[in-house]
$ cat final.cif   # mmCIF, C-alpha atoms and all ligand atoms
data_query
#
loop_
_atom_site.label_atom_id
_atom_site.label_comp_id
_atom_site.auth_asym_id
_atom_site.auth_seq_id
_atom_site.Cartn_x
_atom_site.Cartn_y
_atom_site.Cartn_z
CA MET E 1111 42.79 12.76 44.99
CA THR E 1112 46.09 11.54 46.37
CA LEU E 1113 48.38 13.66 48.46
CA ALA E 1114 51.06 13.37 45.78
CA ARG E 1115 48.67 14.78 43.21
CA VAL E 1116 47.72 17.66 45.51
CA ARG E 1117 51.40 18.47 45.97
CA ARG E 1118 51.99 18.33 42.21
CA MET E 1119 49.11 20.68 41.63
CA GLU E 1120 50.39 23.02 44.29
CA SER E 1121 53.83 23.14 42.78
CA LEU E 1122 52.37 23.59 39.31
CA TYR E 1123 50.21 26.37 40.51
CA LEU E 1124 53.11 28.02 42.33
CA ARG E 1125 55.22 27.90 39.23
CA ARG E 1126 52.51 29.46 37.13
CA ASN E 1127 51.50 32.09 39.64
CA GLN E 1128 54.81 33.60 40.58
CA GLY E 1129 54.14 34.59 44.18
CA GLY E 1130 50.96 36.60 44.73
CA THR E 1131 48.02 34.24 45.10
CA ALA E 1132 50.37 31.34 45.81
CA GLU E 1133 50.83 32.82 49.24
CA LEU E 1134 47.07 32.52 49.71
CA CYS E 1135 46.94 28.97 48.49
CA LEU E 1136 49.66 27.67 50.67
CA ARG E 1137 48.80 29.60 53.76
CA PRO E 1138 49.17 27.04 56.46
CA PHE E 1139 46.39 26.33 58.87
CA GLY E 1140 47.08 26.30 62.60
CA ASP E 1141 50.69 25.52 63.36
CA GLY E 1142 51.44 24.79 59.71
CA ASP E 1143 51.67 21.03 60.18
CA PHE E 1144 48.19 20.07 58.91
CA PHE E 1145 46.60 16.79 57.88
CA ARG E 1146 46.09 15.90 54.27
CA ASN E 1147 42.31 16.25 54.52
CA ASP E 1148 42.63 19.69 55.98
CA ARG E 1149 44.97 20.66 53.18
CA MET E 1150 42.51 19.26 50.66
CA ARG E 1151 39.65 21.19 52.17
CA ALA E 1152 41.79 24.27 52.23
CA LEU E 1153 42.73 23.84 48.61
CA GLN E 1154 39.18 23.09 47.51
CA SER E 1155 37.75 26.09 49.30
CA CYS E 1156 40.35 28.19 47.63
CA GLY E 1157 39.29 30.07 44.50
CA CYS E 1158 42.47 29.20 42.57
CA PHE E 1159 41.84 25.46 43.03
CA ARG E 1160 38.37 25.92 41.55
CA ARG E 1161 39.88 27.81 38.67
CA ARG E 1162 42.22 24.81 38.11
CA LYS E 1163 39.20 22.55 38.12
CA THR E 1164 37.41 24.77 35.60
CA MET E 1165 40.45 24.84 33.39
CA ALA E 1166 40.69 21.03 33.51
CA VAL E 1167 37.07 20.49 32.41
CA ASN E 1168 37.41 23.20 29.78
CA GLU E 1169 40.46 21.45 28.40
CA LYS E 1170 38.65 18.13 28.49
CA LEU E 1171 35.67 19.69 26.67
CA GLU E 1172 37.96 21.18 24.07
CA GLU E 1173 39.67 17.82 23.65
CA ILE E 1174 36.29 16.11 23.14
CA ARG E 1175 35.23 18.75 20.62
CA ARG E 1176 38.41 18.48 18.61
CA ARG E 1177 38.52 14.67 18.64
CA THR E 1178 34.83 14.38 17.80
CA LEU E 1179 35.08 16.71 14.79
CA GLU E 1180 38.06 14.67 13.58
CA ASN E 1181 36.10 11.43 14.01
CA ILE E 1182 33.12 12.87 12.15
CA ALA E 1183 35.36 13.85 9.26
CA ARG E 1184 36.97 10.41 9.32
CA ALA E 1185 33.70 8.38 9.46
CA GLY E 1186 33.39 6.37 6.25
CA ASN E 1187 29.73 5.40 6.44
CA LEU E 1188 26.49 6.04 8.30
CA GLU E 1189 27.17 3.29 10.86
CA GLU E 1190 30.51 4.78 11.83
CA LEU E 1191 28.91 8.21 12.02
CA ASN E 1192 26.26 6.87 14.36
CA GLU E 1193 28.96 5.37 16.57
CA VAL E 1194 30.64 8.77 16.87
CA ARG E 1195 27.29 10.29 17.83
CA LEU E 1196 26.68 7.66 20.53
CA THR E 1197 30.20 8.08 21.96
CA VAL E 1198 29.73 11.82 22.44
CA LEU E 1199 26.00 12.51 22.68
CA GLY E 1200 24.68 9.17 23.87
CA LYS E 1201 23.04 8.47 27.23
CA ARG E 1202 26.43 7.44 28.63
CA GLY E 1203 28.31 9.67 26.23
CA GLU E 1204 31.33 11.80 26.98
CA LEU E 1205 29.37 15.06 27.31
CA LYS E 1206 27.00 13.49 29.84
CA GLU E 1207 29.98 12.25 31.85
CA LEU E 1208 31.59 15.67 31.71
CA MET E 1209 28.42 17.32 32.99
CA LYS E 1210 28.62 15.16 36.10
CA GLY E 1211 31.85 16.96 36.94
CA MET E 1212 29.98 20.27 37.17
CA ARG E 1213 29.24 19.53 40.83
CA GLU E 1214 32.80 20.47 41.64
CA LEU E 1215 32.53 23.88 40.02
CA SER E 1216 31.51 27.02 41.85
CA ALA E 1217 27.97 28.30 41.55
CA GLU E 1218 28.97 31.08 39.15
CA GLU E 1219 31.16 28.77 37.00
CA ARG E 1220 28.45 26.13 36.52
CA PRO E 1221 26.15 28.02 34.10
CA LYS E 1222 29.15 29.21 32.08
CA PHE E 1223 30.44 25.68 31.75
CA GLY E 1224 26.94 24.41 31.02
CA GLN E 1225 26.72 26.91 28.19
CA LEU E 1226 30.10 25.77 26.83
CA VAL E 1227 29.00 22.13 26.87
CA ASN E 1228 25.80 23.13 25.11
CA ASP E 1229 27.74 25.00 22.43
CA VAL E 1230 29.91 21.96 21.84
CA ARG E 1231 26.86 19.72 21.72
CA GLN E 1232 25.21 21.95 19.13
CA MET E 1233 28.36 22.15 17.08
CA VAL E 1234 28.75 18.36 17.13
CA GLU E 1235 25.08 17.85 16.26
CA GLN E 1236 25.35 20.28 13.35
CA GLU E 1237 28.50 18.58 12.07
CA LEU E 1238 26.88 15.15 12.36
CA ALA E 1239 23.80 16.33 10.47
CA ASP E 1240 25.90 17.94 7.70
CA ARG E 1241 28.08 14.88 7.30
CA LYS E 1242 25.04 12.59 7.33
CA SER E 1243 23.22 14.50 4.61
CA LYS E 1244 26.42 14.58 2.54
CA MET E 1245 26.81 10.82 2.93
CA GLU E 1246 23.19 10.20 1.94
CA GLU E 1247 23.59 12.42 -1.10
CA GLU E 1248 26.72 10.54 -2.14
CA LEU E 1249 24.88 7.26 -1.63
CA LEU E 1250 22.01 8.45 -3.79
CA ASN E 1251 24.35 9.73 -6.50
CA ARG E 1252 26.24 6.45 -6.51
CA LYS E 1253 22.92 4.56 -6.81
CA LEU E 1254 21.73 6.81 -9.61
CA ALA E 1255 25.01 6.38 -11.43
CA SER E 1256 24.95 2.60 -11.09
CA GLU E 1257 21.33 2.35 -12.24
CA THR E 1258 21.73 4.53 -15.28
CA ILE E 1259 20.13 2.99 -18.35
CA ASP E 1260 22.74 2.11 -20.90
CA VAL E 1261 20.97 2.82 -24.18
CA THR E 1262 23.79 1.15 -26.10
CA LEU E 1263 23.03 -2.28 -24.56
CA PRO E 1264 21.47 -4.78 -26.98
CA ALA E 1265 17.70 -4.97 -26.62
CA LYS E 1266 15.93 -7.96 -25.05
CA LYS E 1267 14.92 -10.36 -27.77
CA ILE E 1268 11.20 -10.74 -28.21
CA LYS E 1269 10.77 -14.49 -28.20
CA LEU E 1270 8.32 -15.83 -30.71
CA GLY E 1271 5.90 -18.43 -29.46
CA HIS E 1272 5.66 -21.86 -30.99
CA ARG E 1273 2.78 -23.59 -32.71
CA HIS E 1274 1.08 -26.04 -30.39
CA PRO E 1275 1.19 -29.73 -31.39
CA ASN E 1276 -2.64 -29.71 -31.44
CA THR E 1277 -2.66 -26.75 -33.85
CA ARG E 1278 -0.12 -28.43 -36.11
CA VAL E 1279 -2.12 -31.66 -36.22
CA LEU E 1280 -5.41 -29.82 -36.77
CA ASP E 1281 -3.87 -27.81 -39.63
CA GLU E 1282 -2.68 -31.04 -41.20
CA VAL E 1283 -6.04 -32.80 -40.80
CA GLU E 1284 -7.83 -29.80 -42.30
CA ARG E 1285 -5.34 -29.67 -45.18
CA ILE E 1286 -5.90 -33.39 -45.93
CA PHE E 1287 -9.72 -33.15 -45.92
CA ILE E 1288 -9.91 -29.81 -47.73
CA GLY E 1289 -7.79 -31.55 -50.37
CA MET E 1290 -10.60 -34.14 -50.70
CA GLY E 1291 -13.24 -31.44 -51.15
CA TYR E 1292 -14.42 -31.11 -47.54
CA GLU E 1293 -15.66 -27.96 -45.90
CA VAL E 1294 -14.53 -26.93 -42.37
CA VAL E 1295 -17.53 -26.05 -40.19
CA GLU E 1296 -17.70 -24.84 -36.61
CA GLY E 1297 -20.53 -25.02 -34.07
CA PRO E 1298 -21.32 -23.75 -30.57
CA GLU E 1299 -19.53 -25.21 -27.55
CA ILE E 1300 -22.60 -24.48 -25.40
CA GLU E 1301 -25.20 -26.70 -26.98
CA TYR E 1302 -28.81 -27.80 -26.60
CA ASP E 1303 -29.38 -31.22 -25.11
CA TYR E 1304 -31.43 -31.90 -28.28
CA TYR E 1305 -28.50 -31.47 -30.68
CA ASN E 1306 -25.96 -33.12 -28.42
CA PHE E 1307 -28.04 -36.23 -27.66
CA GLU E 1308 -31.59 -36.57 -28.96
CA ALA E 1309 -31.02 -35.63 -32.60
CA LEU E 1310 -28.13 -38.10 -32.60
CA ASN E 1311 -30.41 -40.96 -31.63
CA ILE E 1312 -29.52 -40.76 -27.92
CA PRO E 1313 -32.85 -40.37 -26.05
CA ALA E 1314 -32.99 -39.28 -22.40
CA ASN E 1315 -32.84 -42.83 -21.01
CA HIS E 1316 -30.11 -44.05 -23.37
CA PRO E 1317 -27.06 -45.58 -21.58
CA ALA E 1318 -24.69 -43.63 -23.87
CA LYS E 1319 -25.73 -40.50 -22.02
CA ASP E 1320 -24.13 -41.87 -18.85
CA GLU E 1321 -20.79 -42.43 -20.54
CA GLN E 1322 -20.77 -38.85 -21.74
CA ASP E 1323 -21.96 -37.19 -18.60
CA THR E 1324 -21.14 -33.54 -19.02
CA PHE E 1325 -21.50 -30.09 -17.50
CA TYR E 1326 -25.08 -28.89 -17.59
CA ILE E 1327 -25.99 -25.19 -17.71
CA ASN E 1328 -29.60 -26.22 -17.08
CA LYS E 1329 -31.86 -29.16 -17.99
CA ASP E 1330 -31.79 -28.29 -21.71
CA ILE E 1331 -28.42 -26.58 -22.21
CA LEU E 1332 -25.01 -28.15 -21.69
CA LEU E 1333 -21.35 -28.04 -22.74
CA ARG E 1334 -21.24 -30.30 -25.80
CA THR E 1335 -19.73 -33.75 -25.24
CA GLN E 1336 -18.89 -34.25 -28.93
CA THR E 1337 -18.62 -32.30 -32.17
CA SER E 1338 -21.41 -34.44 -33.70
CA PRO E 1339 -24.16 -31.86 -33.02
CA VAL E 1340 -22.51 -29.73 -35.75
CA GLN E 1341 -23.47 -32.50 -38.21
CA VAL E 1342 -27.10 -32.18 -37.19
CA ARG E 1343 -27.00 -28.39 -37.54
CA VAL E 1344 -25.54 -28.72 -41.05
CA MET E 1345 -28.03 -31.44 -42.09
CA GLU E 1346 -30.95 -29.32 -40.84
CA LYS E 1347 -30.02 -26.61 -43.30
CA GLY E 1348 -30.99 -29.13 -45.98
CA LYS E 1349 -28.21 -28.24 -48.39
CA LEU E 1350 -27.11 -31.52 -49.96
CA PRO E 1351 -24.72 -33.13 -50.63
CA ILE E 1352 -22.58 -32.56 -47.53
CA ARG E 1353 -18.83 -33.03 -47.12
CA MET E 1354 -17.68 -31.50 -43.91
CA ILE E 1355 -15.32 -31.73 -40.99
CA ALA E 1356 -16.11 -30.01 -37.71
CA PRO E 1357 -13.15 -29.53 -35.37
CA GLY E 1358 -13.68 -28.11 -31.91
CA ARG E 1359 -13.52 -28.28 -28.17
CA VAL E 1360 -15.68 -30.78 -26.30
CA PHE E 1361 -16.31 -31.46 -22.61
CA ARG E 1362 -16.74 -34.48 -20.38
CA ALA E 1363 -17.06 -34.88 -16.63
CA ASP E 1364 -13.66 -36.63 -16.51
CA GLU E 1365 -10.88 -36.39 -13.94
CA VAL E 1366 -7.54 -35.14 -15.24
CA ASP E 1367 -4.95 -37.90 -15.79
CA ALA E 1368 -2.40 -38.92 -18.41
CA THR E 1369 -5.13 -39.85 -20.93
CA HIS E 1370 -8.19 -37.87 -19.77
CA SER E 1371 -9.16 -34.25 -19.47
CA PRO E 1372 -12.51 -32.52 -18.81
CA SER E 1373 -11.89 -30.51 -21.97
CA PHE E 1374 -10.34 -31.80 -25.18
CA HIS E 1375 -10.79 -31.60 -28.97
CA GLN E 1376 -12.52 -33.69 -31.56
CA ILE E 1377 -12.63 -33.58 -35.30
CA GLU E 1378 -15.92 -34.78 -36.65
CA GLY E 1379 -16.31 -35.71 -40.30
CA MET E 1380 -19.43 -36.41 -42.33
CA VAL E 1381 -20.43 -37.06 -45.90
CA ILE E 1382 -24.09 -37.21 -47.08
CA ASP E 1383 -24.71 -37.95 -50.72
CA LYS E 1384 -26.38 -40.41 -53.03
CA ASN E 1385 -24.92 -43.92 -53.30
CA ILE E 1386 -22.53 -43.55 -50.38
CA THR E 1387 -21.36 -46.89 -49.00
CA MET E 1388 -19.04 -48.29 -46.34
CA ALA E 1389 -16.41 -48.58 -49.11
CA ASP E 1390 -16.38 -44.78 -49.43
CA LEU E 1391 -15.83 -44.51 -45.68
CA LYS E 1392 -12.98 -47.02 -45.74
CA GLY E 1393 -11.34 -45.39 -48.75
CA THR E 1394 -11.60 -41.93 -47.21
CA LEU E 1395 -10.11 -43.00 -43.87
CA LEU E 1396 -7.31 -44.96 -45.56
CA GLU E 1397 -6.39 -41.88 -47.57
CA PHE E 1398 -6.39 -39.84 -44.36
CA ALA E 1399 -4.21 -42.41 -42.53
CA HIS E 1400 -1.69 -42.56 -45.38
CA LYS E 1401 -1.31 -38.79 -45.43
CA MET E 1402 -1.22 -38.50 -41.65
CA PHE E 1403 0.92 -41.48 -40.59
CA GLY E 1404 2.68 -42.61 -43.77
CA GLU E 1405 1.96 -44.48 -46.99
CA ASN E 1406 2.74 -47.88 -45.46
CA VAL E 1407 0.14 -47.95 -42.67
CA ARG E 1408 -2.86 -50.27 -42.87
CA LEU E 1409 -6.28 -49.87 -41.28
CA LYS E 1410 -8.34 -52.37 -39.34
CA PHE E 1411 -12.09 -51.90 -38.85
CA ARG E 1412 -13.51 -53.52 -35.73
CA PRO E 1413 -17.32 -53.71 -35.36
CA HIS E 1414 -18.56 -51.41 -32.63
CA HIS E 1415 -21.72 -49.63 -31.53
CA PHE E 1416 -22.55 -45.92 -31.73
CA PRO E 1417 -26.17 -44.78 -31.43
CA PHE E 1418 -25.96 -42.43 -34.43
CA THR E 1419 -24.30 -44.81 -36.93
CA GLU E 1420 -25.23 -48.23 -38.27
CA PRO E 1421 -23.11 -50.19 -38.91
CA SER E 1422 -20.40 -48.72 -36.64
CA ALA E 1423 -16.73 -49.48 -36.34
CA GLU E 1424 -13.64 -48.57 -34.40
CA VAL E 1425 -10.58 -48.08 -36.53
CA ASP E 1426 -7.02 -49.11 -35.69
CA VAL E 1427 -3.97 -48.04 -37.63
CA SER E 1428 -1.02 -50.40 -37.97
CA CYS E 1429 1.78 -49.22 -35.71
CA PHE E 1430 3.84 -46.72 -37.68
CA LYS E 1431 6.79 -47.32 -35.34
CA CYS E 1432 7.22 -51.06 -35.80
CA GLY E 1433 5.14 -51.58 -38.91
CA GLY E 1434 2.78 -53.91 -37.02
CA LYS E 1435 5.32 -56.30 -35.49
CA GLY E 1436 4.57 -55.08 -31.98
CA CYS E 1437 6.67 -52.68 -29.91
CA ARG E 1438 6.61 -50.61 -26.73
CA PHE E 1439 4.84 -47.81 -28.58
CA CYS E 1440 1.84 -49.97 -29.61
CA LYS E 1441 2.10 -51.98 -26.36
CA GLY E 1442 3.02 -55.06 -28.38
CA GLU E 1443 -0.30 -55.03 -30.24
CA GLY E 1444 0.96 -53.89 -33.64
CA TRP E 1445 -2.21 -51.77 -33.91
CA ILE E 1446 -3.21 -48.42 -32.43
CA GLU E 1447 -6.82 -47.29 -32.10
CA ILE E 1448 -7.36 -43.89 -33.74
CA LEU E 1449 -11.06 -43.23 -34.33
CA GLY E 1450 -14.68 -44.29 -34.37
CA CYS E 1451 -16.89 -44.23 -37.46
CA GLY E 1452 -19.91 -45.70 -39.22
CA MET E 1453 -22.74 -45.19 -41.71
CA VAL E 1454 -25.12 -42.44 -40.55
CA HIS E 1455 -28.14 -44.06 -38.87
CA PRO E 1456 -31.33 -43.73 -41.00
CA ASP E 1457 -33.15 -42.35 -37.93
CA VAL E 1458 -30.60 -39.53 -37.63
CA LEU E 1459 -31.06 -38.66 -41.31
CA ARG E 1460 -34.84 -38.76 -40.92
CA MET E 1461 -34.77 -36.53 -37.82
CA SER E 1462 -32.87 -33.93 -39.83
CA GLY E 1463 -35.38 -34.12 -42.67
CA ILE E 1464 -33.30 -36.22 -45.07
CA ASP E 1465 -34.83 -39.24 -46.82
CA PRO E 1466 -32.56 -42.24 -46.05
CA GLU E 1467 -33.90 -44.03 -49.12
CA GLU E 1468 -32.43 -41.34 -51.31
CA TYR E 1469 -29.37 -40.22 -49.35
CA GLN E 1470 -26.81 -42.12 -47.32
CA GLY E 1471 -23.81 -40.99 -45.48
CA PHE E 1472 -20.88 -41.83 -43.27
CA ALA E 1473 -19.43 -40.11 -40.24
CA PHE E 1474 -16.28 -40.38 -38.16
CA GLY E 1475 -14.85 -38.76 -35.08
CA VAL E 1476 -11.16 -38.40 -34.22
CA GLY E 1477 -9.72 -37.20 -30.96
CA LEU E 1478 -7.32 -34.40 -31.88
CA GLU E 1479 -5.17 -34.96 -28.76
CA ARG E 1480 -5.02 -38.68 -29.52
CA ILE E 1481 -3.43 -37.94 -32.90
CA SER E 1482 -1.06 -35.35 -31.38
CA LEU E 1483 0.11 -37.78 -28.71
CA LEU E 1484 0.66 -40.53 -31.29
CA LYS E 1485 2.30 -38.37 -33.93
CA TYR E 1486 4.70 -36.62 -31.56
CA GLU E 1487 5.14 -39.59 -29.19
CA ILE E 1488 3.97 -37.69 -26.13
CA ASP E 1489 3.05 -40.02 -23.28
CA ASP E 1490 1.07 -37.63 -21.07
CA MET E 1491 -1.92 -35.64 -22.30
CA ARG E 1492 -1.50 -33.07 -19.51
CA LEU E 1493 1.70 -31.79 -21.14
CA LEU E 1494 -0.45 -30.47 -23.99
CA TYR E 1495 -2.30 -28.11 -21.65
CA GLU E 1496 0.57 -26.76 -19.55
CA ASN E 1497 1.76 -24.39 -22.29
CA ASP E 1498 5.36 -24.73 -21.17
CA ASP E 1499 7.44 -23.18 -23.96
CA ARG E 1500 10.32 -25.61 -23.25
CA PHE E 1501 7.96 -28.48 -24.01
CA LEU E 1502 6.11 -26.92 -26.95
CA SER E 1503 9.24 -25.76 -28.78
CA GLN E 1504 10.32 -29.40 -29.23
CA PHE E 1505 7.77 -29.98 -31.95
ZN ZN E 1601 4.53 -50.84 -32.61
#

$ encode --input "final.cif" --output "structure tokens"
Amino acid sequence: MTLARVRRMESLYLRRNQGGTAELCLRPFGDGDFFRNDRMRALQSCGCFRRRKTMAVNEKLEEIRRRTLENIARAGNLEELNEVRLTVLGKRGELKELMKGMRELSAEERPKFGQLVNDVRQMVEQELADRKSKMEEELLNRKLASETIDVTLPAKKIKLGHRHPNTRVLDEVERIFIGMGYEVVEGPEIEYDYYNFEALNIPANHPAKDEQDTFYINKDILLRTQTSPVQVRVMEKGKLPIRMIAPGRVFRADEVDATHSPSFHQIEGMVIDKNITMADLKGTLLEFAHKMFGENVRLKFRPHHFPFTEPSAEVDVSCFKCGGKGCRFCKGEGWIEILGCGMVHPDVLRMSGIDPEEYQGFAFGVGLERISLLKYEIDDMRLLYENDDRFLSQF
């Protein structure tokens, strides 16, 4: 405290306390010409100086209380409110700082002042808590209001799915063959080794078994590699004549790529009747190709080998894009391979209890995906299995 300030305080005090105690305050020590420090000590030991001190901290406390309540009322959000709290109640807050000044108060003033500070602290804490809960309530109300369900909004459209290219092709194939008097038959996907191989003239050591390596459940039961076992099951029933197609899922131990999949679909066809010849087979498949790919397509039969047919052939259809001239679609060949077929092997007929001298038959197998890819000009088989609506809805 500077001497000037002491003097100012003295004069202030004198003015306020007209005479009386002023005499006491300014009573000179010794010869009346004392040092500043002595005057200070004198003033500090004097009760009226302490009262000044008390008044000063009381005023300061009151100022803090008033300003803090204003700031609380003014705080616009929880962050601002927290800042007000830290300024006043924090570790280095204004109340803490004020408490440090208590040292300068007299022993009897200290507890009184302490109580006052405590009152202010409680008041501020209460105000902060009230304001905080009000803010949180407002926040909640605003959130509730903004998240109200507007029942007048238009409803979300339920999007219909789209028929898969495979389904469309299968429906068409079935329609064509039912139109020619065929029956649609289904068989089990988990099949006996006997029906899948042996009854189709593929004994255990036959090389064709390697090509069709599949998923075995055990030595005798497997996931069928072709729909042909359905033919055997139908023949075994002994109801002749037979005109059937058997569509379904088949399995091979193949890696997934643009043209292979461990699971795909085949449509098997078979006719058993008297006086059936290769001409019937050719006529039937030509009719199918005309209905499926257009009236102008031609068929080409290339000799081939299948264990369960004799003779056997692979069938190409003339490119329905370029009419057989050769284009990118048919890889310049003019022809596209579509299926395998042949006359049912006499051994297969015999194994199913049919006399090959009396009955003959033909059979064919088409890859359903192969037709889908050709018909819809899809260049990657994997697209058929991804079930992406953006892809499927193009067809
Ligand atoms: Zn072509």

$ closest_atom_pairs --input "final.cif" --of "chain E" --to "ligand ZN 1601 (chain E)" --cutoff "7 Å" --atoms "all atoms listed in the file" --output "Markdown table"
| residue | atom | partner | partner_atom | distance |
| --- | --- | --- | --- | --- |
| E:Cys1429 | CA | E:ZN1601 | ZN | 4.4 |
| E:Phe1430 | CA | E:ZN1601 | ZN | 6.6 |
| E:Lys1431 | CA | E:ZN1601 | ZN | 5.0 |
| E:Cys1432 | CA | E:ZN1601 | ZN | 4.2 |
| E:Gly1433 | CA | E:ZN1601 | ZN | 6.4 |
| E:Gly1434 | CA | E:ZN1601 | ZN | 5.7 |
| E:Lys1435 | CA | E:ZN1601 | ZN | 6.2 |
| E:Gly1436 | CA | E:ZN1601 | ZN | 4.3 |
| E:Cys1437 | CA | E:ZN1601 | ZN | 3.9 |
| E:Arg1438 | CA | E:ZN1601 | ZN | 6.2 |
| E:Phe1439 | CA | E:ZN1601 | ZN | 5.1 |
| E:Cys1440 | CA | E:ZN1601 | ZN | 4.1 |
| E:Lys1441 | CA | E:ZN1601 | ZN | 6.8 |
| E:Gly1442 | CA | E:ZN1601 | ZN | 6.2 |
| E:Glu1443 | CA | E:ZN1601 | ZN | 6.8 |
| E:Gly1444 | CA | E:ZN1601 | ZN | 4.8 |
| E:Trp1445 | CA | E:ZN1601 | ZN | 6.9 |

$ closest_residue --input "final.cif" --among "E:Arg1285, E:Arg1278, E:Arg1500, E:Lys1266" --to "Phe1398 of chain E" --atoms "only C-alpha atoms"
E:Arg1285

$ closest_atom_pairs --input "final.cif" --of "segment 1352-1391 of chain E" --to "segment 1280-1283 of chain E" --cutoff "12 Å" --atoms "only C-alpha atoms" --output "Markdown table"
| residue | atom | partner | partner_atom | distance |
| --- | --- | --- | --- | --- |
| E:Ile1355 | CA | E:Val1283 | CA | 9.3 |
| E:Ala1356 | CA | E:Leu1280 | CA | 10.7 |
| E:Pro1357 | CA | E:Leu1280 | CA | 7.9 |
| E:Gly1358 | CA | E:Leu1280 | CA | 9.7 |
| E:Arg1359 | CA | E:Leu1280 | CA | 11.9 |
| E:His1375 | CA | E:Leu1280 | CA | 9.6 |
| E:Gln1376 | CA | E:Leu1280 | CA | 9.6 |
| E:Ile1377 | CA | E:Leu1280 | CA | 8.3 |
| E:Glu1378 | CA | E:Val1283 | CA | 10.9 |
| E:Gly1379 | CA | E:Val1283 | CA | 10.7 |

$ write_last_selection --input "final.cif" --atoms "C-alpha atoms" --output "PDB file, in the frame of the given file"
ATOM      1  CA  ILE E1355     -15.320 -31.730 -40.990  1.00  0.00           C
ATOM      2  CA  ALA E1356     -16.110 -30.010 -37.710  1.00  0.00           C
ATOM      3  CA  PRO E1357     -13.150 -29.530 -35.370  1.00  0.00           C
ATOM      4  CA  GLY E1358     -13.680 -28.110 -31.910  1.00  0.00           C
ATOM      5  CA  ARG E1359     -13.520 -28.280 -28.170  1.00  0.00           C
ATOM      6  CA  HIS E1375     -10.790 -31.600 -28.970  1.00  0.00           C
ATOM      7  CA  GLN E1376     -12.520 -33.690 -31.560  1.00  0.00           C
ATOM      8  CA  ILE E1377     -12.630 -33.580 -35.300  1.00  0.00           C
ATOM      9  CA  GLU E1378     -15.920 -34.780 -36.650  1.00  0.00           C
ATOM     10  CA  GLY E1379     -16.310 -35.710 -40.300  1.00  0.00           C
TER      11      GLY E1379
END

$ atom_distance --input "final.cif" --atom1 "atom CA of Arg1231 of chain E" --atom2 "atom CA of Met1245 of chain E"
20.8 Å

$ closest_residue --input "final.cif" --among "E:His1370, E:Lys1269, E:His1316, E:Arg1213" --to "Phe1416 of chain E" --atoms "only C-alpha atoms"
E:His1316

$ atom_distance --input "final.cif" --atom1 "atom CA of Leu1502 of chain E" --atom2 "atom CA of Ser1338 of chain E"
29.3 Å

$ atom_distance --input "final.cif" --atom1 "atom CA of Pro1339 of chain E" --atom2 "atom CA of Glu1301 of chain E"
8.0 Å

$ closest_residue --input "final.cif" --among "E:Leu1215, E:Leu1199, E:Met1165, E:Ala1183" --to "Glu1237 of chain E" --atoms "all atoms listed in the file"
E:Ala1183

$ closest_residue --input "final.cif" --among "E:Leu1205, E:Thr1277, E:Lys1392, E:Ser1462" --to "Lys1347 of chain E" --atoms "all atoms listed in the file"
E:Ser1462

$ closest_atom_pairs --input "final.cif" --of "segment 1342-1376 of chain E" --to "segment 1486-1497 of chain E" --cutoff "8 Å" --atoms "only C-alpha atoms" --output "CSV"
residue,atom,partner,partner_atom,distance
E:Val1366,CA,E:Arg1492,CA,7.7
E:Asp1367,CA,E:Arg1492,CA,7.0
E:Ala1368,CA,E:Asp1490,CA,4.6
E:Thr1369,CA,E:Met1491,CA,5.5
E:His1370,CA,E:Met1491,CA,7.1
E:Ser1371,CA,E:Arg1492,CA,7.8

$ closest_residue --input "final.cif" --among "E:Ile1464, E:Leu1332, E:Leu1188, E:Met1345" --to "Val1295 of chain E" --atoms "only C-alpha atoms"
E:Met1345

$ closest_residue --input "final.cif" --among "E:Gln1225, E:Asn1328, E:Gln1470, E:Asn1276" --to "Leu1483 of chain E" --atoms "only C-alpha atoms"
E:Asn1276

$ residues_around --input "final.cif" --residues "segment 1349-1352 of chain E" --least-positions-apart "2" --cutoff "8 Å" --atoms "only C-alpha atoms" --output "PyMOL selection string"
chain E and resi 1344-1345+1347+1354+1380-1384
